[in-house]
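Participant: Handing you this structure, nothing more for now.
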Amino acid sequence: MKKILVVEDILSIRTAITDLLNVNYQTFSAGNYESGIEILKNESIDLLITDIKMPGKSGLDLIKYVREFYPNIL
């Protein structure tokens, strides 16, 4: 089963996205950059869905990190 990581700081949006995706995919969710990184270290993620504007490091920072260290993640 494909694994998707959803990183979104607003809980209601994060929950809505993961609930929709849980039907066909194994989903993981994080509320910020740091939590997303921890999940990436422990799971073999296939797809990243991230909010761009978040407190602290942004979704763009997360995308840059993923491109550098996990280039196979879409």
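Chain labels follow the order of the structure tokens: the first chain is A, the next B, and so on; residue numbering restarts at 1 in every chain, and ligands are counted from 1 in their shown order.
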Pick out each residue of chain A that DSSP on the backbone tags as helix (DSSP H, G or I); I need them as a ChimeraX atom specification.

Facilitator: /A:11-21,33-42,59-69

Participant: Between A:Ile73, A:Glu34, A:Ile39, A:Asn24, which is the closest to Ser58 (chain A) once you count only C-alpha atoms?

Facilitator: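 Going through A:Ile73, A:Glu34, A:Ile39, A:Asn24 one by one, the smallest distance to Ser58 (chain A) is for A:Glu34.
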
Participant: Run DSSP on the backbone and tell me which residues of chain A come out as strand (DSSP E or B); list them as a count of residues only.

Facilitator: 14

Participant: Which neighbours of Leu48 (chain A) fall inside 7 Å, counting only C-alpha atoms, when residues of the same chain fewer than 5 positions from it are skipped, and could you give them as number ranges by chain?

Facilitator: A: 4-6, 73-74

Participant: Env of Leu60 (chain A): 12 Å cut, atoms = only C-alpha atoms, seq-sep filter 3 positions within chain, self excluded. Answer as a CSV table (one decimal) with all heavy atoms, in the first residue's frame.

Facilitator:
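File written: result.csv
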```
chain,number,residue,atom,x,y,z
A,7,VAL,N,1.4,17.2,5.6
A,7,VAL,CA,1.9,18.1,6.6
A,7,VAL,C,1.1,19.4,6.5
A,7,VAL,O,1.2,20.1,5.5
A,7,VAL,CB,3.5,18.4,6.4
A,7,VAL,CG1,4.0,19.4,7.5
A,7,VAL,CG2,4.2,17.1,6.4
A,32,ASN,N,3.7,20.2,11.6
A,32,ASN,CA,4.8,21.1,11.3
A,32,ASN,C,5.9,20.4,10.7
A,32,ASN,O,6.0,19.2,10.5
A,32,ASN,CB,5.2,21.9,12.6
A,32,ASN,CG,5.7,20.9,13.7
A,32,ASN,OD1,6.4,20.0,13.4
A,32,ASN,ND2,5.2,21.1,14.9
A,33,TYR,N,6.9,21.2,10.3
A,33,TYR,CA,8.1,20.8,9.6
A,33,TYR,C,8.8,19.7,10.4
A,33,TYR,O,9.1,18.6,9.8
A,33,TYR,CB,9.0,22.0,9.3
A,33,TYR,CG,10.4,21.7,8.7
A,33,TYR,CD1,10.6,21.8,7.4
A,33,TYR,CD2,11.4,21.4,9.6
A,33,TYR,CE1,11.8,21.5,6.8
A,33,TYR,CE2,12.7,21.1,9.0
A,33,TYR,CZ,12.9,21.2,7.7
A,33,TYR,OH,14.1,20.9,7.1
A,48,LEU,N,4.4,13.3,-0.7
A,48,LEU,CA,4.3,14.3,0.3
A,48,LEU,C,3.3,15.3,-0.1
A,48,LEU,O,3.3,15.8,-1.3
A,48,LEU,CB,5.7,15.0,0.5
A,48,LEU,CG,5.7,16.3,1.3
A,48,LEU,CD1,5.3,16.0,2.8
A,48,LEU,CD2,7.0,17.0,1.2
A,49,ILE,N,2.3,15.6,0.7
A,49,ILE,CA,1.4,16.7,0.5
A,49,ILE,C,1.6,17.7,1.7
A,49,ILE,O,1.5,17.3,2.8
A,49,ILE,CB,-0.1,16.3,0.5
A,49,ILE,CG1,-0.3,15.3,-0.6
A,49,ILE,CG2,-1.0,17.4,0.4
A,49,ILE,CD1,-1.7,14.6,-0.6
A,50,THR,N,2.0,19.0,1.3
A,50,THR,CA,2.3,19.9,2.4
A,50,THR,C,1.7,21.3,2.2
A,50,THR,O,1.6,21.7,1.0
A,50,THR,CB,3.9,20.0,2.6
A,50,THR,OG1,4.1,20.9,3.7
A,50,THR,CG2,4.5,20.6,1.3
A,51,ASP,N,1.3,21.9,3.3
A,51,ASP,CA,0.9,23.3,3.3
A,51,ASP,C,2.2,24.1,3.0
A,51,ASP,O,3.3,23.7,3.4
A,51,ASP,CB,0.4,23.6,4.7
A,51,ASP,CG,-0.2,25.0,4.7
A,51,ASP,OD1,-0.3,25.7,3.7
A,51,ASP,OD2,-0.6,25.4,5.9
A,52,ILE,N,2.1,25.2,2.4
A,52,ILE,CA,3.2,26.1,2.1
A,52,ILE,C,3.5,27.0,3.3
A,52,ILE,O,4.6,27.1,3.8
A,52,ILE,CB,3.1,26.9,0.8
A,52,ILE,CG1,2.9,26.0,-0.4
A,52,ILE,CG2,4.2,27.9,0.6
A,52,ILE,CD1,4.1,25.1,-0.6
A,53,LYS,N,2.5,27.7,3.8
A,53,LYS,CA,2.6,28.7,4.9
A,53,LYS,C,2.3,28.0,6.2
A,53,LYS,O,1.2,27.6,6.5
A,53,LYS,CB,1.7,29.9,4.7
A,53,LYS,CG,2.1,30.7,3.5
A,53,LYS,CD,1.2,31.9,3.5
A,53,LYS,CE,1.6,32.8,2.3
A,53,LYS,NZ,0.8,34.0,2.3
A,54,MET,N,3.4,27.8,7.0
A,54,MET,CA,3.2,27.2,8.3
A,54,MET,C,4.1,28.0,9.3
A,54,MET,O,5.1,28.6,8.8
A,54,MET,CB,3.7,25.7,8.3
A,54,MET,CG,2.8,24.8,7.5
A,54,MET,SD,3.2,23.1,7.7
A,54,MET,CE,4.8,23.0,6.8
A,56,GLY,N,7.1,28.8,11.7
A,56,GLY,CA,8.4,28.2,11.7
A,56,GLY,C,8.9,28.0,10.3
A,56,GLY,O,8.7,28.8,9.4
A,57,LYS,N,9.4,26.8,10.0
A,57,LYS,CA,9.8,26.4,8.7
A,57,LYS,C,8.6,26.2,7.8
A,57,LYS,O,7.7,25.5,8.2
A,57,LYS,CB,10.8,25.2,8.7
A,57,LYS,CG,12.1,25.6,9.3
A,57,LYS,CD,13.1,24.6,9.0
A,57,LYS,CE,14.5,25.0,9.5
A,57,LYS,NZ,15.6,24.3,8.9
A,63,ILE,N,9.9,20.8,1.3
A,63,ILE,CA,10.1,20.2,-0.1
A,63,ILE,C,11.6,20.2,-0.4
A,63,ILE,O,12.1,19.2,-1.0
A,63,ILE,CB,9.3,21.0,-1.1
A,63,ILE,CG1,7.8,20.8,-0.8
A,63,ILE,CG2,9.7,20.7,-2.5
A,63,ILE,CD1,6.8,21.7,-1.6
A,64,LYS,N,12.3,21.3,-0.1
A,64,LYS,CA,13.7,21.3,-0.4
A,64,LYS,C,14.5,20.2,0.4
A,64,LYS,O,15.3,19.5,-0.2
A,64,LYS,CB,14.3,22.7,0.0
A,64,LYS,CG,13.9,23.8,-0.9
A,64,LYS,CD,14.4,25.1,-0.4
A,64,LYS,CE,13.8,26.3,-1.2
A,64,LYS,NZ,14.2,27.6,-0.6
A,65,TYR,N,14.1,20.0,1.6
A,65,TYR,CA,14.7,18.9,2.4
A,65,TYR,C,14.4,17.5,1.8
A,65,TYR,O,15.3,16.7,1.6
A,65,TYR,CB,14.2,18.9,3.8
A,65,TYR,CG,14.7,17.8,4.7
A,65,TYR,CD1,15.9,18.0,5.4
A,65,TYR,CD2,14.0,16.6,4.8
A,65,TYR,CE1,16.4,17.0,6.3
A,65,TYR,CE2,14.5,15.6,5.6
A,65,TYR,CZ,15.7,15.8,6.3
A,65,TYR,OH,16.2,14.8,7.1
A,66,VAL,N,13.2,17.3,1.4
A,66,VAL,CA,12.8,16.0,0.8
A,66,VAL,C,13.5,15.8,-0.5
A,66,VAL,O,14.0,14.7,-0.8
A,66,VAL,CB,11.3,16.0,0.6
A,66,VAL,CG1,10.9,14.8,-0.3
A,66,VAL,CG2,10.6,15.8,1.9
A,67,ARG,N,13.6,16.8,-1.4
A,67,ARG,CA,14.3,16.7,-2.6
A,67,ARG,C,15.8,16.3,-2.4
A,67,ARG,O,16.4,15.6,-3.2
A,67,ARG,CB,14.2,18.0,-3.4
A,67,ARG,CG,12.9,18.2,-4.1
A,67,ARG,CD,12.9,19.4,-5.0
A,67,ARG,NE,11.6,19.5,-5.7
A,67,ARG,CZ,11.3,20.5,-6.4
A,67,ARG,NH1,12.1,21.6,-6.5
A,67,ARG,NH2,10.1,20.6,-7.0
```

Participant: Could you state the separation of CA of Leu47 (chain A) and CA of Lys3 (chain A) in Å, given to one decimal place?

Facilitator: 6.7 Å

Participant: Between CA of Arg14 (chain A) and CA of Asn72 (chain A), what is the distance, to one decimal in Å?

Facilitator: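 We find that CA of Arg14 (chain A) and CA of Asn72 (chain A) lie 23.1 Å from each other.
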
Participant: Just the number, please: distance in Å from CA of Leu20 (chain A) to CA of Ile45 (chain A), one decimal.

Facilitator: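 Separation between CA of Leu20 (chain A) and CA of Ile45 (chain A): 17.4 Å.
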